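Chemist: Attaching a single structure in structure tokens format; questions to follow.
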Amino acid sequence: MEASKLPTIQDIYNLPEGVRAELIDGQIYNLAAPSREHQEIIVELTTIIKNYIKEKGGDCKVYPSPFAVFLKNDTVYVEPDISVICDKNKLDSKGCHDAPDWIIEVLSSGTAHNDMVRKRRLYETVGVREYWIVDPKTKTVQVYNYEEENKTSLYGFEKVKVGIYEDLEIDFSLIEI
């Protein structure tokens, strides 16, 4: 396929109202509506993170999906379940242009492969500082701390230390789904 024929961000913008998709490596991946449990986890985590930032008087912003993240000179478009951005210069009215500091994805059957393989590799190479994959089925949290060489940890639904903040732990045992 010719490079000019590859999908672009404009193709994402041209999708019908209500249709969500991501553009990774020149391929469009449709996003299905998330489950209730998926959304409950996102709401709980977003609230915990937002309250922490507010309590500490921090400058970072937390955004749940759908929230546009443009990477690789706006040739890649993703909608992470949760994005934490600490550099306000990356933000505009369309979303975030460049790597968020921390991304959380909650696995669902339709997105698991992208979240665990494509996005994990992508986030590691574009400057995301920390990436979490939350799996509600197995009740595990995979943490990739890209600021530390080969730092990958697997947790059950227990207290998980946030790498980008010195004093934030999220207790997954308290998240009801």
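FYI, nothing fancy with the structure tokens labels: chains A, B, ... in order, residues from 1 per chain, ligands from 1 as they appear.
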Would you give me, as a ChimeraX atom specification, the residues in stretch 48-153 of chain A that DSSP reads as strand (DSSP E)?
Modeler: /A:61-64,69-71,76-78,82-85,91-92,95-97,102-106,130-135,140-145,151-153
Chemist: Write out, as a CSV table (one decimal), in the first residue's frame, the residues just selected, with N, CA and C atoms.
Modeler:
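As a result, out-v4.csv now contains:
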chain,number,residue,atom,x,y,z
A,61,LYS,N,-2.9,17.2,35.1
A,61,LYS,CA,-4.3,17.1,34.8
A,61,LYS,C,-4.6,15.6,34.5
A,62,VAL,N,-5.8,15.1,34.9
A,62,VAL,CA,-6.2,13.8,34.6
A,62,VAL,C,-7.5,13.8,33.7
A,63,TYR,N,-7.4,13.0,32.7
A,63,TYR,CA,-8.5,12.9,31.7
A,63,TYR,C,-8.9,11.5,31.5
A,64,PRO,N,-10.2,11.1,31.7
A,64,PRO,CA,-10.7,9.8,31.3
A,64,PRO,C,-11.1,9.8,29.8
A,69,VAL,N,-5.3,11.7,22.4
A,69,VAL,CA,-3.8,11.8,22.5
A,69,VAL,C,-3.2,11.6,21.2
A,70,PHE,N,-2.5,12.7,20.7
A,70,PHE,CA,-1.8,12.6,19.4
A,70,PHE,C,-0.3,12.4,19.7
A,71,LEU,N,0.3,11.4,19.0
A,71,LEU,CA,1.7,11.0,19.2
A,71,LEU,C,2.4,11.0,17.9
A,76,VAL,N,-0.2,9.4,15.0
A,76,VAL,CA,-0.8,8.4,15.8
A,76,VAL,C,-1.9,9.0,16.7
A,77,TYR,N,-3.0,8.4,16.8
A,77,TYR,CA,-4.1,8.9,17.6
A,77,TYR,C,-4.6,7.8,18.5
A,78,VAL,N,-4.6,8.0,19.8
A,78,VAL,CA,-5.1,7.0,20.8
A,78,VAL,C,-6.0,7.7,21.8
A,82,ILE,N,-7.3,6.4,30.8
A,82,ILE,CA,-7.0,7.5,31.7
A,82,ILE,C,-5.6,8.0,31.2
A,83,SER,N,-5.5,9.3,31.1
A,83,SER,CA,-4.3,10.0,30.8
A,83,SER,C,-4.0,11.1,31.9
A,84,VAL,N,-2.7,11.1,32.3
A,84,VAL,CA,-2.3,12.1,33.3
A,84,VAL,C,-1.2,12.9,32.6
A,85,ILE,N,-1.4,14.2,32.5
A,85,ILE,CA,-0.5,15.1,31.8
A,85,ILE,C,0.0,16.1,32.7
A,91,LEU,N,-1.2,20.4,26.0
A,91,LEU,CA,-2.6,20.4,25.9
A,91,LEU,C,-3.2,21.6,25.1
A,92,ASP,N,-4.2,21.3,24.3
A,92,ASP,CA,-5.0,22.3,23.6
A,92,ASP,C,-6.4,21.8,23.6
A,95,GLY,N,-6.9,18.1,22.6
A,95,GLY,CA,-6.4,17.0,23.5
A,95,GLY,C,-5.0,17.2,23.9
A,96,CYS,N,-4.2,16.1,23.9
A,96,CYS,CA,-2.8,16.1,24.3
A,96,CYS,C,-2.0,15.8,23.0
A,97,HIS,N,-1.0,16.7,22.8
A,97,HIS,CA,-0.1,16.5,21.7
A,97,HIS,C,1.3,16.2,22.3
A,102,TRP,N,1.5,9.6,32.5
A,102,TRP,CA,1.0,8.3,33.0
A,102,TRP,C,-0.2,7.9,32.2
A,103,ILE,N,-0.3,6.7,31.8
A,103,ILE,CA,-1.5,6.2,31.1
A,103,ILE,C,-1.9,4.9,31.7
A,104,ILE,N,-3.3,4.8,31.9
A,104,ILE,CA,-3.9,3.6,32.4
A,104,ILE,C,-4.9,3.1,31.4
A,105,GLU,N,-4.7,1.8,31.1
A,105,GLU,CA,-5.7,1.1,30.2
A,105,GLU,C,-6.4,0.0,31.0
A,106,VAL,N,-7.7,-0.1,30.9
A,106,VAL,CA,-8.4,-1.2,31.6
A,106,VAL,C,-8.8,-2.2,30.4
A,130,GLU,N,5.0,6.2,32.7
A,130,GLU,CA,4.5,5.1,33.4
A,130,GLU,C,3.2,4.6,32.7
A,131,TYR,N,3.0,3.3,32.6
A,131,TYR,CA,1.9,2.7,31.9
A,131,TYR,C,1.3,1.6,32.7
A,132,TRP,N,0.1,1.6,33.0
A,132,TRP,CA,-0.6,0.6,33.8
A,132,TRP,C,-1.6,-0.1,32.9
A,133,ILE,N,-1.7,-1.5,33.0
A,133,ILE,CA,-2.7,-2.3,32.4
A,133,ILE,C,-3.5,-3.0,33.5
A,134,VAL,N,-4.8,-2.6,33.6
A,134,VAL,CA,-5.6,-3.2,34.7
A,134,VAL,C,-6.5,-4.2,34.0
A,135,ASP,N,-6.4,-5.4,34.6
A,135,ASP,CA,-7.2,-6.5,34.0
A,135,ASP,C,-8.3,-6.9,35.0
A,140,THR,N,-5.6,-8.2,38.1
A,140,THR,CA,-4.2,-7.9,38.2
A,140,THR,C,-4.0,-6.5,37.6
A,141,VAL,N,-2.8,-5.9,38.0
A,141,VAL,CA,-2.4,-4.6,37.5
A,141,VAL,C,-0.9,-4.8,37.0
A,142,GLN,N,-0.7,-4.6,35.7
A,142,GLN,CA,0.7,-4.6,35.2
A,142,GLN,C,1.2,-3.2,35.2
A,143,VAL,N,2.4,-3.0,35.8
A,143,VAL,CA,2.9,-1.6,35.9
A,143,VAL,C,4.2,-1.6,35.1
A,144,TYR,N,4.3,-0.7,34.1
A,144,TYR,CA,5.5,-0.5,33.3
A,144,TYR,C,6.0,0.9,33.7
A,145,ASN,N,7.1,1.0,34.4
A,145,ASN,CA,7.8,2.2,34.8
A,145,ASN,C,8.9,2.5,33.8
A,151,LYS,N,11.9,-2.0,34.4
A,151,LYS,CA,11.0,-2.0,35.6
A,151,LYS,C,9.6,-2.4,35.2
A,152,THR,N,9.2,-3.6,35.4
A,152,THR,CA,7.9,-4.1,35.2
A,152,THR,C,7.5,-4.9,36.4
A,153,SER,N,6.3,-4.6,36.9
A,153,SER,CA,5.8,-5.3,38.1
A,153,SER,C,4.3,-5.7,37.8
Chemist: May I ask which of the residues A:Asp98, A:Asp87, A:Asp167, A:Asp81 is the closest one to A:Glu44, counting only C-alpha atoms?
Modeler: A:Asp81
Chemist: Could you pull out all residues of stretch 23-162 of chain A with a DSSP call of helix (DSSP H, G or I) and give them as a ChimeraX atom specification?
Modeler: /A:36-56,88-90,112-126
Chemist: Since we have the selection now, will you write its residues out, keeping C-alpha atoms, as a compact mmCIF listing (two decimals), in the first residue's frame?
Modeler:
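Result went into result.txt, see below:
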# COMPACT_ATOMS: atom_id res chain seq x y z
CA ARG A 36 -20.19 -1.12 33.02
CA GLU A 37 -17.40 -2.67 35.11
CA HIS A 38 -14.78 -1.14 32.82
CA GLN A 39 -16.33 2.30 33.29
CA GLU A 40 -16.64 1.88 37.06
CA ILE A 41 -12.91 1.18 37.33
CA ILE A 42 -12.12 4.24 35.20
CA VAL A 43 -14.38 6.49 37.29
CA GLU A 44 -12.87 5.20 40.57
CA LEU A 45 -9.27 5.60 39.39
CA THR A 46 -9.87 9.01 37.84
CA THR A 47 -11.47 10.23 41.07
CA ILE A 48 -8.59 8.92 43.22
CA ILE A 49 -5.97 10.50 40.97
CA LYS A 50 -7.82 13.81 40.59
CA ASN A 51 -8.38 14.08 44.36
CA TYR A 52 -4.70 13.35 45.01
CA ILE A 53 -3.54 16.02 42.55
CA LYS A 54 -5.99 18.55 43.99
CA GLU A 55 -5.02 17.76 47.60
CA LYS A 56 -1.32 18.20 46.78
CA LYS A 88 0.21 21.95 30.19
CA ASN A 89 2.07 22.98 27.02
CA LYS A 90 1.07 19.59 25.57
CA ALA A 112 -6.72 -6.39 25.12
CA HIS A 113 -4.27 -7.18 22.31
CA ASN A 114 -3.79 -3.52 21.38
CA ASP A 115 -3.39 -2.48 25.03
CA MET A 116 -0.95 -5.26 25.90
CA VAL A 117 1.14 -5.29 22.72
CA ARG A 118 0.79 -2.35 20.33
CA LYS A 119 0.15 0.38 22.87
CA ARG A 120 2.70 -0.95 25.36
CA ARG A 121 5.44 -0.76 22.72
CA LEU A 122 4.18 2.59 21.49
CA TYR A 123 4.04 4.17 24.94
CA GLU A 124 7.51 2.91 25.79
CA THR A 125 9.01 4.55 22.68
CA VAL A 126 7.23 7.94 22.76
Chemist: Using only C-alpha atoms, which residues sit within 10 Å of A:Ile170 once same-chain residues fewer than 2 positions away are excluded, as a list in words?
Modeler: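 My list of contacting residues is Leu45, Ile48, Ile49, Phe157, Glu158, Lys159, Val160, Lys161, Val162, Leu168, Phe172, Ser173, Leu174 and Ile175 of chain A.
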Chemist: Using only C-alpha atoms, find the one residue out of A:Ile177, A:Val19, A:Ile24, A:Leu154 that sits nearest to A:Asp74.
Modeler: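 Under the stated criterion, the closest residue is A:Ile24.
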Chemist: Just how far from atom CA of A:Gly18 is atom CA of A:Asp101, in Å to one decimal?
Modeler: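 Calculated distance between atom CA of A:Asp101 and atom CA of A:Gly18 is 27.5 Å.
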Chemist: For A:Ile12, please output as a ChimeraX atom specification all residues within 9 Å (counting only C-alpha atoms; exclusion window: fewer than 5 positions along the same chain).
Modeler: /A:7,20-23,28,77
Chemist: If you keep C-alpha atoms, can you produce a file of those selected residues as an mmCIF file, in the first residue's frame?
Modeler:
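Wrote it out as again_24.cif, contents follow:
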data_model
loop_
_atom_site.group_PDB
_atom_site.id
_atom_site.type_symbol
_atom_site.label_atom_id
_atom_site.label_comp_id
_atom_site.auth_asym_id
_atom_site.auth_seq_id
_atom_site.Cartn_x
_atom_site.Cartn_y
_atom_site.Cartn_z
ATOM 1 C CA PRO A 7 -5.186 6.227 7.057
ATOM 2 C CA ARG A 20 -14.597 5.825 18.163
ATOM 3 C CA ALA A 21 -11.318 4.495 16.801
ATOM 4 C CA GLU A 22 -7.577 4.770 17.226
ATOM 5 C CA LEU A 23 -4.839 5.153 14.607
ATOM 6 C CA ILE A 28 -7.364 2.157 12.275
ATOM 7 C CA TYR A 77 -4.140 8.932 17.606
#
Chemist: What does the distance from atom CA of A:Asn30 to atom CA of A:Cys60 come to in Å, to one decimal?
Modeler: 28.9 Å
Chemist: How many Å separate atom CA of A:Gly163 from atom CA of A:Lys139?
Modeler: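 Between these atoms lies a distance of 20.0 Å.
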